[in-house]
$ cat coords-v2.pdb   # PDB, C-alpha atoms and all ligand atoms
ATOM      1  CA  MET C 204      13.276  20.713  -9.978
ATOM      2  CA  ASN C 205      10.971  23.013 -11.968
ATOM      3  CA  LYS C 206       7.322  22.459 -10.887
ATOM      4  CA  LYS C 207       6.347  22.067 -14.562
ATOM      5  CA  GLU C 208       8.619  19.037 -14.750
ATOM      6  CA  MET C 209       6.671  17.294 -11.973
ATOM      7  CA  ILE C 210       3.455  15.245 -12.045
ATOM      8  CA  TYR C 211       1.110  14.961  -9.084
ATOM      9  CA  ARG C 212       0.868  11.290  -8.087
ATOM     10  CA  THR C 213      -0.312  10.761  -4.506
ATOM     11  CA  PRO C 214      -2.958  12.907  -2.731
ATOM     12  CA  LEU C 215      -2.129  14.391   0.688
ATOM     13  CA  SER C 216      -4.783  12.279   2.470
ATOM     14  CA  VAL C 217      -3.217   9.054   1.117
ATOM     15  CA  ARG C 218       0.285  10.211   2.062
ATOM     16  CA  PHE C 219      -0.762  10.984   5.654
ATOM     17  CA  CYS C 220      -2.584   7.677   5.820
ATOM     18  CA  HIS C 221       0.505   5.818   4.577
ATOM     19  CA  ILE C 222       2.730   7.441   7.238
ATOM     20  CA  GLY C 223       0.211   6.387   9.927
ATOM     21  CA  ILE C 224       0.191   2.850   8.527
ATOM     22  CA  VAL C 225       4.002   2.597   8.475
ATOM     23  CA  ILE C 226       4.272   3.684  12.151
ATOM     24  CA  CYS C 227       1.346   1.614  13.490
ATOM     25  CA  PHE C 228       2.229  -1.448  11.392
ATOM     26  CA  LEU C 229       5.810  -1.427  12.666
ATOM     27  CA  LEU C 230       4.622  -1.239  16.287
ATOM     28  CA  ALA C 231       1.877  -3.852  15.751
ATOM     29  CA  ALA C 232       4.225  -6.242  13.909
ATOM     30  CA  LEU C 233       7.038  -6.029  16.479
ATOM     31  CA  SER C 234       4.670  -6.361  19.459
ATOM     32  CA  GLY C 235       2.819  -9.221  17.714
ATOM     33  CA  LEU C 236       6.090 -11.098  17.113
ATOM     34  CA  SER C 237       6.971 -10.654  20.802
ATOM     35  CA  LEU C 238       3.609 -12.194  21.789
ATOM     36  CA  PHE C 239       3.946 -15.122  19.403
ATOM     37  CA  PHE C 240       7.642 -16.000  19.833
ATOM     38  CA  PRO C 241       8.781 -15.802  23.485
ATOM     39  CA  SER C 242      12.409 -15.650  22.275
ATOM     40  CA  LEU C 243      11.556 -12.320  20.585
ATOM     41  CA  HIS C 244      10.123 -10.770  23.786
ATOM     42  CA  LEU C 245      12.537  -7.844  23.441
ATOM     43  CA  PHE C 246      10.570  -6.628  20.365
ATOM     44  CA  GLY C 247       7.713  -5.900  22.787
ATOM     45  CA  SER C 248       9.728  -3.129  24.429
ATOM     46  CA  VAL C 249       8.672  -0.838  21.538
ATOM     47  CA  LEU C 250       5.396  -0.515  23.476
ATOM     48  CA  GLY C 251       6.918  -0.561  26.985
ATOM     49  CA  THR C 252       5.937  -3.425  29.251
ATOM     50  CA  PRO C 253       4.449  -6.853  28.276
ATOM     51  CA  GLN C 254       1.135  -5.693  29.846
ATOM     52  CA  LEU C 255       1.068  -2.663  27.548
ATOM     53  CA  VAL C 256       1.830  -4.929  24.584
ATOM     54  CA  ARG C 257      -1.298  -7.011  25.372
ATOM     55  CA  VAL C 258      -3.471  -3.900  25.702
ATOM     56  CA  LEU C 259      -2.113  -1.854  22.781
ATOM     57  CA  HIS C 260      -1.375  -4.512  20.124
ATOM     58  CA  PRO C 261      -5.060  -5.114  19.185
ATOM     59  CA  PHE C 262      -5.828  -1.379  19.053
ATOM     60  CA  LEU C 263      -2.812  -0.744  16.785
ATOM     61  CA  GLY C 264      -4.015  -3.572  14.529
ATOM     62  CA  CYS C 265      -7.460  -1.921  14.301
ATOM     63  CA  VAL C 266      -5.870   1.431  13.379
ATOM     64  CA  VAL C 267      -3.849  -0.249  10.586
ATOM     65  CA  PHE C 268      -7.023  -1.968   9.329
ATOM     66  CA  ILE C 269      -9.067   1.271   9.288
ATOM     67  CA  LEU C 270      -6.286   3.239   7.546
ATOM     68  CA  LEU C 271      -5.847   0.476   4.948
ATOM     69  CA  MET C 272      -9.605   0.460   4.277
ATOM     70  CA  PHE C 273      -9.299   4.195   3.559
ATOM     71  CA  MET C 274      -6.503   3.421   1.067
ATOM     72  CA  LEU C 275      -8.655   0.658  -0.416
ATOM     73  CA  ILE C 276     -11.447   3.158  -1.101
ATOM     74  CA  LYS C 277      -9.029   5.739  -2.533
ATOM     75  CA  LEU C 278      -6.849   3.410  -4.668
ATOM     76  CA  ALA C 279      -8.825   0.258  -5.554
ATOM     77  CA  HIS C 280      -9.832   1.621  -8.982
ATOM     78  CA  HIS C 281      -6.161   2.112  -9.945
ATOM     79  CA  ASN C 282      -5.364  -1.472  -8.929
ATOM     80  CA  LEU C 283      -7.931  -3.364 -11.000
ATOM     81  CA  PRO C 284      -6.215  -5.990 -13.195
ATOM     82  CA  ASN C 285      -6.291  -5.440 -16.981
ATOM     83  CA  LYS C 286      -4.759  -6.962 -20.122
ATOM     84  CA  ASP C 287      -1.618  -4.790 -19.923
ATOM     85  CA  ASP C 288      -0.748  -6.596 -16.686
ATOM     86  CA  VAL C 289      -0.420  -9.885 -18.611
ATOM     87  CA  ARG C 290       2.267  -8.329 -20.841
ATOM     88  CA  TRP C 291       4.070  -6.925 -17.782
ATOM     89  CA  VAL C 292       4.050 -10.352 -16.095
ATOM     90  CA  LYS C 293       5.335 -12.007 -19.314
ATOM     91  CA  ASN C 294       8.296  -9.598 -19.212
ATOM     92  CA  ILE C 295       8.965 -10.057 -15.494
ATOM     93  CA  ASP C 296      12.511 -11.398 -16.111
ATOM     94  CA  LYS C 297      13.430  -8.179 -17.961
ATOM     95  CA  VAL C 298      11.791  -6.047 -15.251
ATOM     96  CA  ILE C 299      13.863  -7.814 -12.573
ATOM     97  CA  ALA C 300      17.025  -7.389 -14.659
ATOM     98  CA  GLY C 301      16.271  -3.653 -14.844
ATOM     99  CA  ASN C 302      15.620  -3.685 -18.643
ATOM    100  CA  GLU C 303      11.857  -3.111 -18.611
ATOM    101  CA  PRO C 304      10.764  -2.929 -22.296
ATOM    102  CA  SER C 305       9.511   0.564 -23.125
ATOM    103  CA  ASP C 306       6.625  -0.774 -25.289
ATOM    104  CA  VAL C 307       4.811  -2.440 -22.356
ATOM    105  CA  PRO C 308       2.130   0.029 -21.245
ATOM    106  CA  VAL C 309       2.032   0.442 -17.456
ATOM    107  CA  GLY C 310      -0.792   2.335 -15.755
ATOM    108  CA  LYS C 311      -0.616   4.115 -12.393
ATOM    109  CA  TYR C 312       0.463   0.863 -10.710
ATOM    110  CA  ASN C 313       2.161  -2.140 -12.349
ATOM    111  CA  ALA C 314       0.996  -5.757 -12.008
ATOM    112  CA  GLY C 315       3.452  -6.415  -9.160
ATOM    113  CA  GLN C 316       2.126  -3.446  -7.183
ATOM    114  CA  LYS C 317      -1.446  -4.554  -7.859
ATOM    115  CA  PHE C 318      -0.682  -8.058  -6.582
ATOM    116  CA  LEU C 319       0.862  -6.539  -3.474
ATOM    117  CA  PHE C 320      -2.094  -4.174  -2.993
ATOM    118  CA  TRP C 321      -4.685  -6.990  -3.041
ATOM    119  CA  GLY C 322      -2.400  -9.240  -0.977
ATOM    120  CA  ILE C 323      -2.108  -6.554   1.719
ATOM    121  CA  MET C 324      -5.878  -5.910   1.702
ATOM    122  CA  SER C 325      -6.765  -9.633   1.937
ATOM    123  CA  LEU C 326      -4.252 -10.385   4.690
ATOM    124  CA  ILE C 327      -5.237  -7.375   6.834
ATOM    125  CA  THR C 328      -8.888  -8.494   6.560
ATOM    126  CA  VAL C 329      -7.962 -12.007   7.791
ATOM    127  CA  LEU C 330      -5.906 -10.437  10.608
ATOM    128  CA  PHE C 331      -8.769  -8.114  11.594
ATOM    129  CA  ILE C 332     -11.457 -10.836  11.696
ATOM    130  CA  THR C 333      -9.290 -13.427  13.477
ATOM    131  CA  GLY C 334      -7.944 -10.710  15.810
ATOM    132  CA  LEU C 335     -11.461  -9.746  16.886
ATOM    133  CA  ILE C 336     -12.368 -13.414  17.550
ATOM    134  CA  MET C 337      -9.307 -13.905  19.786
ATOM    135  CA  TRP C 338      -9.579 -10.494  21.573
ATOM    136  CA  ARG C 339     -10.099 -11.804  25.102
ATOM    137  CA  ARG C 340     -11.154  -8.490  26.636
ATOM    138  CA  TYR C 341     -14.141  -7.865  24.368
ATOM    139  CA  PHE C 342     -15.091 -10.709  22.033
ATOM    140  CA  SER C 343     -13.541 -14.143  22.624
ATOM    141  CA  ASP C 344     -16.228 -15.117  25.207
ATOM    142  CA  TYR C 345     -18.727 -15.219  22.332
ATOM    143  CA  PHE C 346     -16.828 -17.982  20.461
ATOM    144  CA  PRO C 347     -16.206 -21.698  21.184
ATOM    145  CA  ILE C 348     -12.604 -22.713  21.904
ATOM    146  CA  GLU C 349     -12.247 -24.552  18.541
ATOM    147  CA  ILE C 350     -13.000 -21.344  16.652
ATOM    148  CA  ILE C 351     -10.591 -19.373  18.829
ATOM    149  CA  ARG C 352      -7.820 -21.926  18.158
ATOM    150  CA  LEU C 353      -8.440 -21.698  14.411
ATOM    151  CA  ALA C 354      -8.436 -17.888  14.663
ATOM    152  CA  ILE C 355      -5.053 -17.933  16.463
ATOM    153  CA  PHE C 356      -3.619 -20.242  13.771
ATOM    154  CA  PHE C 357      -4.809 -18.114  10.832
ATOM    155  CA  HIS C 358      -3.866 -14.872  12.635
ATOM    156  CA  ALA C 359      -0.263 -16.085  12.957
ATOM    157  CA  ILE C 360      -0.053 -17.329   9.339
ATOM    158  CA  ALA C 361      -1.556 -14.105   7.943
ATOM    159  CA  ALA C 362       0.747 -11.962  10.111
ATOM    160  CA  ILE C 363       3.887 -13.730   8.885
ATOM    161  CA  CYS C 364       2.738 -13.496   5.232
ATOM    162  CA  LEU C 365       1.927  -9.777   5.634
ATOM    163  CA  ILE C 366       5.275  -8.996   7.285
ATOM    164  CA  LEU C 367       7.092 -10.774   4.408
ATOM    165  CA  LEU C 368       4.954  -8.938   1.835
ATOM    166  CA  ILE C 369       5.725  -5.583   3.476
ATOM    167  CA  ILE C 370       9.463  -6.324   3.528
ATOM    168  CA  GLY C 371       9.131  -6.968  -0.257
ATOM    169  CA  HIS C 372       7.073  -3.780  -0.659
ATOM    170  CA  ALA C 373       9.638  -1.617   1.177
ATOM    171  CA  TYR C 374      12.490  -3.246  -0.787
ATOM    172  CA  MET C 375      10.762  -2.477  -4.120
ATOM    173  CA  ALA C 376      10.118   1.109  -2.996
ATOM    174  CA  ILE C 377      13.839   1.567  -2.301
ATOM    175  CA  TRP C 378      14.826  -0.277  -5.505
ATOM    176  CA  VAL C 379      12.715   1.956  -7.792
ATOM    177  CA  LYS C 380      14.520   5.222  -7.081
ATOM    178  CA  GLY C 381      12.179   8.206  -6.771
ATOM    179  CA  SER C 382       9.066   6.361  -5.592
ATOM    180  CA  ILE C 383       9.607   7.039  -1.863
ATOM    181  CA  LYS C 384      10.045  10.753  -2.662
ATOM    182  CA  GLY C 385       6.735  10.555  -4.576
ATOM    183  CA  MET C 386       5.042   9.072  -1.498
ATOM    184  CA  ILE C 387       6.467  11.835   0.739
ATOM    185  CA  VAL C 388       6.080  14.990  -1.374
ATOM    186  CA  GLY C 389       3.235  13.740  -3.594
ATOM    187  CA  SER C 390       4.838  14.520  -6.976
ATOM    188  CA  VAL C 391       7.229  12.627  -9.237
ATOM    189  CA  SER C 392       9.397  13.811 -12.119
ATOM    190  CA  ARG C 393       8.080  13.399 -15.665
ATOM    191  CA  ALA C 394      11.127  11.277 -16.486
ATOM    192  CA  TRP C 395      10.291   8.906 -13.584
ATOM    193  CA  ALA C 396       6.669   8.645 -14.688
ATOM    194  CA  ARG C 397       7.618   8.051 -18.351
ATOM    195  CA  LYS C 398      10.097   5.321 -17.408
ATOM    196  CA  ASN C 399       8.059   3.453 -14.776
ATOM    197  CA  HIS C 400       4.395   4.120 -15.623
ATOM    198  CA  SER C 401       4.279   4.975 -19.339
ATOM    199  CA  LYS C 402       0.490   4.677 -19.835
ATOM    200  CA  TRP C 403      -0.300   6.698 -16.717
ATOM    201  CA  TYR C 404       2.210   9.340 -17.891
ATOM    202  CA  ARG C 405       0.531   9.566 -21.321
ATOM    203  CA  ASP C 406      -2.948   9.872 -19.746
ATOM    204  CA  GLU C 407      -1.780  12.613 -17.362
ATOM    205  CA  MET C 408      -0.107  14.534 -20.193
ATOM    206  CA  GLU C 409      -3.278  14.301 -22.307
ATOM    207  CA  LYS C 410      -5.321  15.650 -19.382
ATOM    208  CA  THR C 411      -2.896  18.556 -18.870
ATOM    209  CA  TYR C 412      -2.925  19.327 -22.619
ATOM    210  CA  LYS C 413      -6.742  19.320 -22.724
ATOM    211  CA  ASP C 414      -6.934  21.599 -19.645
ATOM    212  CA  GLU C 415      -4.455  24.038 -21.217
ATOM    213  CA  GLN C 416      -6.424  23.994 -24.503
ATOM    214  CA  GLN C 417      -9.658  24.746 -22.623
ATOM    215  CA  ILE C 418      -8.070  27.675 -20.749
ATOM    216  CA  SER C 419      -6.631  29.189 -23.937
ATOM    217  CA  ASN C 420     -10.011  28.754 -25.733
ATOM    218  CA  GLN C 421     -11.785  30.546 -22.878
ATOM    219  CA  GLN C 422      -9.191  33.348 -23.004
ATOM    220  CA  GLU C 423      -9.773  33.679 -26.774
ATOM    221  CA  ILE C 424     -13.572  33.901 -26.265
ATOM    222  CA  SER C 425     -13.327  36.527 -23.497
ATOM    223  CA  LYS C 426     -11.025  38.792 -25.613
TER     224      LYS C 426
HETATM  225  C1  LIG C 501       9.109   1.501   5.385
HETATM  226  C2  LIG C 501       8.111   0.882   4.848
HETATM  227  C3  LIG C 501       7.389   1.325   3.599
HETATM  228  C4  LIG C 501       7.846   2.002   2.500
HETATM  229  C5  LIG C 501       9.272   2.485   2.213
HETATM  230  C6  LIG C 501       6.726   2.179   1.607
HETATM  231  C7  LIG C 501       6.751   2.846   0.401
HETATM  232  C8  LIG C 501       5.679   3.036  -0.450
HETATM  233  C9  LIG C 501       5.706   3.808  -1.654
HETATM  234  C10 LIG C 501       6.913   4.528  -2.205
HETATM  235  C11 LIG C 501       4.483   3.746  -2.224
HETATM  236  C12 LIG C 501       4.024   4.440  -3.527
HETATM  237  C13 LIG C 501       4.324   3.576  -4.740
HETATM  238  C14 LIG C 501       4.045   4.320  -6.036
HETATM  239  O1  LIG C 501       3.600   5.474  -6.011
HETATM  240  O2  LIG C 501       4.269   3.725  -7.103
HETATM  241  C15 LIG C 501       3.646   2.937  -1.367
HETATM  242  C16 LIG C 501       2.336   2.626  -1.608
HETATM  243  C17 LIG C 501       1.571   1.821  -0.792
HETATM  244  N1  LIG C 501       1.965   1.284   0.434
HETATM  245 FE1  LIG C 501       3.780   1.430   1.301
HETATM  246  N2  LIG C 501       5.632   1.591   2.173
HETATM  247  C18 LIG C 501       5.987   1.069   3.391
HETATM  248  C19 LIG C 501       5.173   0.405   4.289
HETATM  249  C20 LIG C 501       3.854   0.049   4.031
HETATM  250  C21 LIG C 501       3.037  -0.720   4.937
HETATM  251  C22 LIG C 501       3.482  -1.215   6.316
HETATM  252  C23 LIG C 501       1.835  -0.896   4.304
HETATM  253  C24 LIG C 501       0.617  -1.641   4.776
HETATM  254  C25 LIG C 501       0.546  -2.493   5.762
HETATM  255  C26 LIG C 501       1.901  -0.221   3.020
HETATM  256  C27 LIG C 501       0.886  -0.166   2.111
HETATM  257  C28 LIG C 501       0.915   0.523   0.919
HETATM  258  C29 LIG C 501      -0.182   0.567  -0.027
HETATM  259  C30 LIG C 501      -1.533  -0.138   0.124
HETATM  260  C31 LIG C 501       0.237   1.379  -1.099
HETATM  261  C32 LIG C 501      -0.539   1.707  -2.381
HETATM  262  C33 LIG C 501      -0.033   0.789  -3.493
HETATM  263  C34 LIG C 501      -1.030   0.583  -4.613
HETATM  264  O3  LIG C 501      -2.047   1.275  -4.686
HETATM  265  O4  LIG C 501      -0.783  -0.342  -5.451
HETATM  266  N3  LIG C 501       3.149   0.343   2.890
HETATM  267  N4  LIG C 501       4.414   2.526  -0.286
END
$ encode --input "coords-v2.pdb" --output "structure tokens" --more "lines below"
Ligand code: HEM
Amino acid sequence: MNKKEMIYRTPLSVRFCHIGIVICFLLAALSGLSLFFPSLHLFGSVLGTPQLVRVLHPFLGCVVFILLMFMLIKLAHHNLPNKDDVRWVKNIDKVIAGNEPSDVPVGKYNAGQKFLFWGIMSLITVLFITGLIMWRRYFSDYFPIEIIRLAIFFHAIAAICLILLIIGHAYMAIWVKGSIKGMIVGSVSRAWARKNHSKWYRDEMEKTYKDEQQISNQQEISK
């Protein structure tokens, strides 16, 4: 597609970060399930032996946490709730049926994506804190057994919620055709942006128009 028909959506640093998260999260989730459910011990073979699972699982979790904190810094401002989100939520039945009304303004991320974003950030924080408390090698000696038991309980609940949320996230990414390509190459087509994120599309177009106006004004002055 002609480059002029594309809009830049996701910076390279965020795309790299997302790839790292996908790989480390998959390994951490599968190894974590093998630790929690003995019947799923085969999932642990993604990291080799059960001993390696015990050693590597917490480090992988820390990498996912650090990478997600980077995404939090980069993307939080695009995920702040606003009044347009209320209209999007009110039309959720039409969105699910694939007939999203064109008059509902949607910014860079829609209300569903924002909910997912904050859900992911909250759950990874719970997983990180509880994970540190129960990390036998370095930290668990500093906590009483009651706190460690509570940490194990909340770690398991948060992990299951996050895995379910990520399955939903990946499903939505496949469902909205073109968004995975945007996460890989960084740009999306104008048609995709207009259809799925109308307000963001308008803002980007205004910015491009203003930039072009400025360049042509400067060229006029220097003539
Ligand atoms: C195979 C699995 C995954 C796929 C296909 C996928 C796909 C995507 C896509 C396409 C986007 C960009 C959406 C857009 O530009 O509108 C995105 C954003 C994002 N993804 Fe994933 N992702 C996957 C796994 C994960 C995992 C495991 C995490 C975290 C644990 C994650 C966290 C995020 C976050 C935080 C964003 C930014 C969303 C926002 O700012 O609202 N993703 N993902």
$ atom_distance --input "coords-v2.pdb" --atom1 "CA of Glu208 in chain C" --atom2 "CA of Gln316 in chain C"
24.6 Å
$ closest_atom_pairs --input "coords-v2.pdb" --of "range 231-325 of chain C" --to "range 389-413 of chain C" --cutoff "8 Å" --atoms "all atoms listed in the file" --output "CSV"
residue,atom,partner,partner_atom,distance
C:Ser305,CA,C:Lys398,CA,7.5
C:Pro308,CA,C:Lys402,CA,5.1
C:Val309,CA,C:His400,CA,4.7
C:Gly310,CA,C:Trp403,CA,4.5
C:Lys311,CA,C:Trp403,CA,5.0
C:Tyr312,CA,C:His400,CA,7.1
C:Asn313,CA,C:His400,CA,7.4
$ closest_residue --input "coords-v2.pdb" --among "C:Lys293, C:Arg339, C:Arg212, C:Lys286" --to "ligand LIG 501 (chain C)" --atoms "only C-alpha atoms and all ligand atoms"
C:Arg212
$ residues_near_ligand --input "coords-v2.pdb" --ligand "ligand LIG 501 (chain C)" --cutoff "6 Å" --atoms "all atoms listed in the file" --output "NGL selection string"
:C and (224-225 or 228 or 278 or 282 or 312 or 316-317 or 320 or 369 or 373 or 376 or 382-383 or 386)
$ write_last_selection --input "coords-v2.pdb" --atoms "C-alpha atoms" --output "JSON list (two decimals), in the frame of the given file"
[["chain", "number", "residue", "atom", "x", "y", "z"],
["C", 224, "ILE", "CA", 0.19, 2.85, 8.53],
["C", 225, "VAL", "CA", 4.00, 2.60, 8.48],
["C", 228, "PHE", "CA", 2.23, -1.45, 11.39],
["C", 278, "LEU", "CA", -6.85, 3.41, -4.67],
["C", 282, "ASN", "CA", -5.36, -1.47, -8.93],
["C", 312, "TYR", "CA", 0.46, 0.86, -10.71],
["C", 316, "GLN", "CA", 2.13, -3.45, -7.18],
["C", 317, "LYS", "CA", -1.45, -4.55, -7.86],
["C", 320, "PHE", "CA", -2.09, -4.17, -2.99],
["C", 369, "ILE", "CA", 5.72, -5.58, 3.48],
["C", 373, "ALA", "CA", 9.64, -1.62, 1.18],
["C", 376, "ALA", "CA", 10.12, 1.11, -3.00],
["C", 382, "SER", "CA", 9.07, 6.36, -5.59],
["C", 383, "ILE", "CA", 9.61, 7.04, -1.86],
["C", 386, "MET", "CA", 5.04, 9.07, -1.50]]
$ atom_distance --input "coords-v2.pdb" --atom1 "CA of Leu275 in chain C" --atom2 "CA of Leu263 in chain C"
18.2 Å
$ resolve_selection --input "coords-v2.pdb" --expression "the PyMOL selection byres (((chain C and resi 250) around 10) and not hetatm)" --output "list in words"
Leu230, Ala231, Leu233, Ser234, Phe246, Gly247, Ser248, Val249, Gly251, Thr252, Pro253, Gln254, Leu255, Val256, Arg257, Val258, Leu259 and His260 of chain C
$ residues_around --input "coords-v2.pdb" --residues "range 214-223 of chain C" --least-positions-apart "5" --cutoff "8 Å" --atoms "all atoms listed in the file" --output "list in words"
Val267, Leu270, Leu271, Phe273, Met274, Lys277, Met386, Ile387 and Gly389 of chain C
$ atom_distance --input "coords-v2.pdb" --atom1 "CA of Met337 in chain C" --atom2 "CA of Glu349 in chain C"
11.1 Å
$ build_atoms --input "coords-v2.pdb" --residues "range 213-240 of chain C" --atoms "N, CA and C atoms" --output "PDB file, in the coordinates of the input"
ATOM      1  N   THR C 213       0.360  11.309  -5.696  1.00  0.00           N
ATOM      2  CA  THR C 213      -0.312  10.761  -4.506  1.00  0.00           C
ATOM      3  C   THR C 213      -0.947  11.878  -3.687  1.00  0.00           C
ATOM      4  N   PRO C 214      -2.293  11.832  -3.488  1.00  0.00           N
ATOM      5  CA  PRO C 214      -2.958  12.907  -2.731  1.00  0.00           C
ATOM      6  C   PRO C 214      -2.482  12.971  -1.273  1.00  0.00           C
ATOM      7  N   LEU C 215      -2.607  14.163  -0.680  1.00  0.00           N
ATOM      8  CA  LEU C 215      -2.129  14.391   0.688  1.00  0.00           C
ATOM      9  C   LEU C 215      -2.767  13.406   1.674  1.00  0.00           C
ATOM     10  N   SER C 216      -4.089  13.160   1.527  1.00  0.00           N
ATOM     11  CA  SER C 216      -4.783  12.279   2.470  1.00  0.00           C
ATOM     12  C   SER C 216      -4.163  10.869   2.445  1.00  0.00           C
ATOM     13  N   VAL C 217      -3.803  10.394   1.244  1.00  0.00           N
ATOM     14  CA  VAL C 217      -3.217   9.054   1.117  1.00  0.00           C
ATOM     15  C   VAL C 217      -1.808   9.043   1.715  1.00  0.00           C
ATOM     16  N   ARG C 218      -1.076  10.156   1.531  1.00  0.00           N
ATOM     17  CA  ARG C 218       0.285  10.211   2.062  1.00  0.00           C
ATOM     18  C   ARG C 218       0.275  10.193   3.592  1.00  0.00           C
ATOM     19  N   PHE C 219      -0.632  10.969   4.192  1.00  0.00           N
ATOM     20  CA  PHE C 219      -0.762  10.984   5.654  1.00  0.00           C
ATOM     21  C   PHE C 219      -1.131   9.596   6.165  1.00  0.00           C
ATOM     22  N   CYS C 220      -2.097   9.003   5.453  1.00  0.00           N
ATOM     23  CA  CYS C 220      -2.584   7.677   5.820  1.00  0.00           C
ATOM     24  C   CYS C 220      -1.432   6.671   5.780  1.00  0.00           C
ATOM     25  N   HIS C 221      -0.609   6.755   4.740  1.00  0.00           N
ATOM     26  CA  HIS C 221       0.505   5.818   4.577  1.00  0.00           C
ATOM     27  C   HIS C 221       1.521   5.968   5.716  1.00  0.00           C
ATOM     28  N   ILE C 222       1.780   7.231   6.125  1.00  0.00           N
ATOM     29  CA  ILE C 222       2.730   7.441   7.238  1.00  0.00           C
ATOM     30  C   ILE C 222       2.167   6.789   8.514  1.00  0.00           C
ATOM     31  N   GLY C 223       0.867   6.995   8.755  1.00  0.00           N
ATOM     32  CA  GLY C 223       0.211   6.387   9.927  1.00  0.00           C
ATOM     33  C   GLY C 223       0.325   4.874   9.875  1.00  0.00           C
ATOM     34  N   ILE C 224       0.119   4.311   8.686  1.00  0.00           N
ATOM     35  CA  ILE C 224       0.191   2.850   8.527  1.00  0.00           C
ATOM     36  C   ILE C 224       1.608   2.345   8.827  1.00  0.00           C
ATOM     37  N   VAL C 225       2.610   3.047   8.274  1.00  0.00           N
ATOM     38  CA  VAL C 225       4.002   2.597   8.475  1.00  0.00           C
ATOM     39  C   VAL C 225       4.316   2.541   9.975  1.00  0.00           C
ATOM     40  N   ILE C 226       3.952   3.626  10.715  1.00  0.00           N
ATOM     41  CA  ILE C 226       4.272   3.684  12.151  1.00  0.00           C
ATOM     42  C   ILE C 226       3.499   2.604  12.913  1.00  0.00           C
ATOM     43  N   CYS C 227       2.168   2.562  12.712  1.00  0.00           N
ATOM     44  CA  CYS C 227       1.346   1.614  13.490  1.00  0.00           C
ATOM     45  C   CYS C 227       1.655   0.170  13.115  1.00  0.00           C
ATOM     46  N   PHE C 228       1.936  -0.074  11.812  1.00  0.00           N
ATOM     47  CA  PHE C 228       2.229  -1.448  11.392  1.00  0.00           C
ATOM     48  C   PHE C 228       3.524  -1.936  12.041  1.00  0.00           C
ATOM     49  N   LEU C 229       4.522  -1.051  12.053  1.00  0.00           N
ATOM     50  CA  LEU C 229       5.810  -1.427  12.666  1.00  0.00           C
ATOM     51  C   LEU C 229       5.600  -1.806  14.134  1.00  0.00           C
ATOM     52  N   LEU C 230       4.860  -0.967  14.870  1.00  0.00           N
ATOM     53  CA  LEU C 230       4.622  -1.239  16.287  1.00  0.00           C
ATOM     54  C   LEU C 230       3.797  -2.516  16.466  1.00  0.00           C
ATOM     55  N   ALA C 231       2.746  -2.666  15.624  1.00  0.00           N
ATOM     56  CA  ALA C 231       1.877  -3.852  15.751  1.00  0.00           C
ATOM     57  C   ALA C 231       2.660  -5.117  15.396  1.00  0.00           C
ATOM     58  N   ALA C 232       3.485  -5.051  14.348  1.00  0.00           N
ATOM     59  CA  ALA C 232       4.225  -6.242  13.909  1.00  0.00           C
ATOM     60  C   ALA C 232       5.245  -6.659  14.965  1.00  0.00           C
ATOM     61  N   LEU C 233       6.012  -5.679  15.483  1.00  0.00           N
ATOM     62  CA  LEU C 233       7.038  -6.029  16.479  1.00  0.00           C
ATOM     63  C   LEU C 233       6.395  -6.561  17.760  1.00  0.00           C
ATOM     64  N   SER C 234       5.310  -5.894  18.217  1.00  0.00           N
ATOM     65  CA  SER C 234       4.670  -6.361  19.459  1.00  0.00           C
ATOM     66  C   SER C 234       4.011  -7.724  19.224  1.00  0.00           C
ATOM     67  N   GLY C 235       3.450  -7.938  18.034  1.00  0.00           N
ATOM     68  CA  GLY C 235       2.819  -9.221  17.714  1.00  0.00           C
ATOM     69  C   GLY C 235       3.851 -10.347  17.708  1.00  0.00           C
ATOM     70  N   LEU C 236       5.032 -10.067  17.130  1.00  0.00           N
ATOM     71  CA  LEU C 236       6.090 -11.098  17.113  1.00  0.00           C
ATOM     72  C   LEU C 236       6.522 -11.433  18.540  1.00  0.00           C
ATOM     73  N   SER C 237       6.549 -10.399  19.405  1.00  0.00           N
ATOM     74  CA  SER C 237       6.971 -10.654  20.802  1.00  0.00           C
ATOM     75  C   SER C 237       5.929 -11.504  21.533  1.00  0.00           C
ATOM     76  N   LEU C 238       4.648 -11.377  21.148  1.00  0.00           N
ATOM     77  CA  LEU C 238       3.609 -12.194  21.789  1.00  0.00           C
ATOM     78  C   LEU C 238       3.681 -13.637  21.303  1.00  0.00           C
ATOM     79  N   PHE C 239       4.010 -13.794  20.010  1.00  0.00           N
ATOM     80  CA  PHE C 239       3.946 -15.122  19.403  1.00  0.00           C
ATOM     81  C   PHE C 239       5.208 -15.941  19.671  1.00  0.00           C
ATOM     82  N   PHE C 240       6.374 -15.287  19.610  1.00  0.00           N
ATOM     83  CA  PHE C 240       7.642 -16.000  19.833  1.00  0.00           C
ATOM     84  C   PHE C 240       8.276 -15.484  21.128  1.00  0.00           C
TER      85      PHE C 240
END
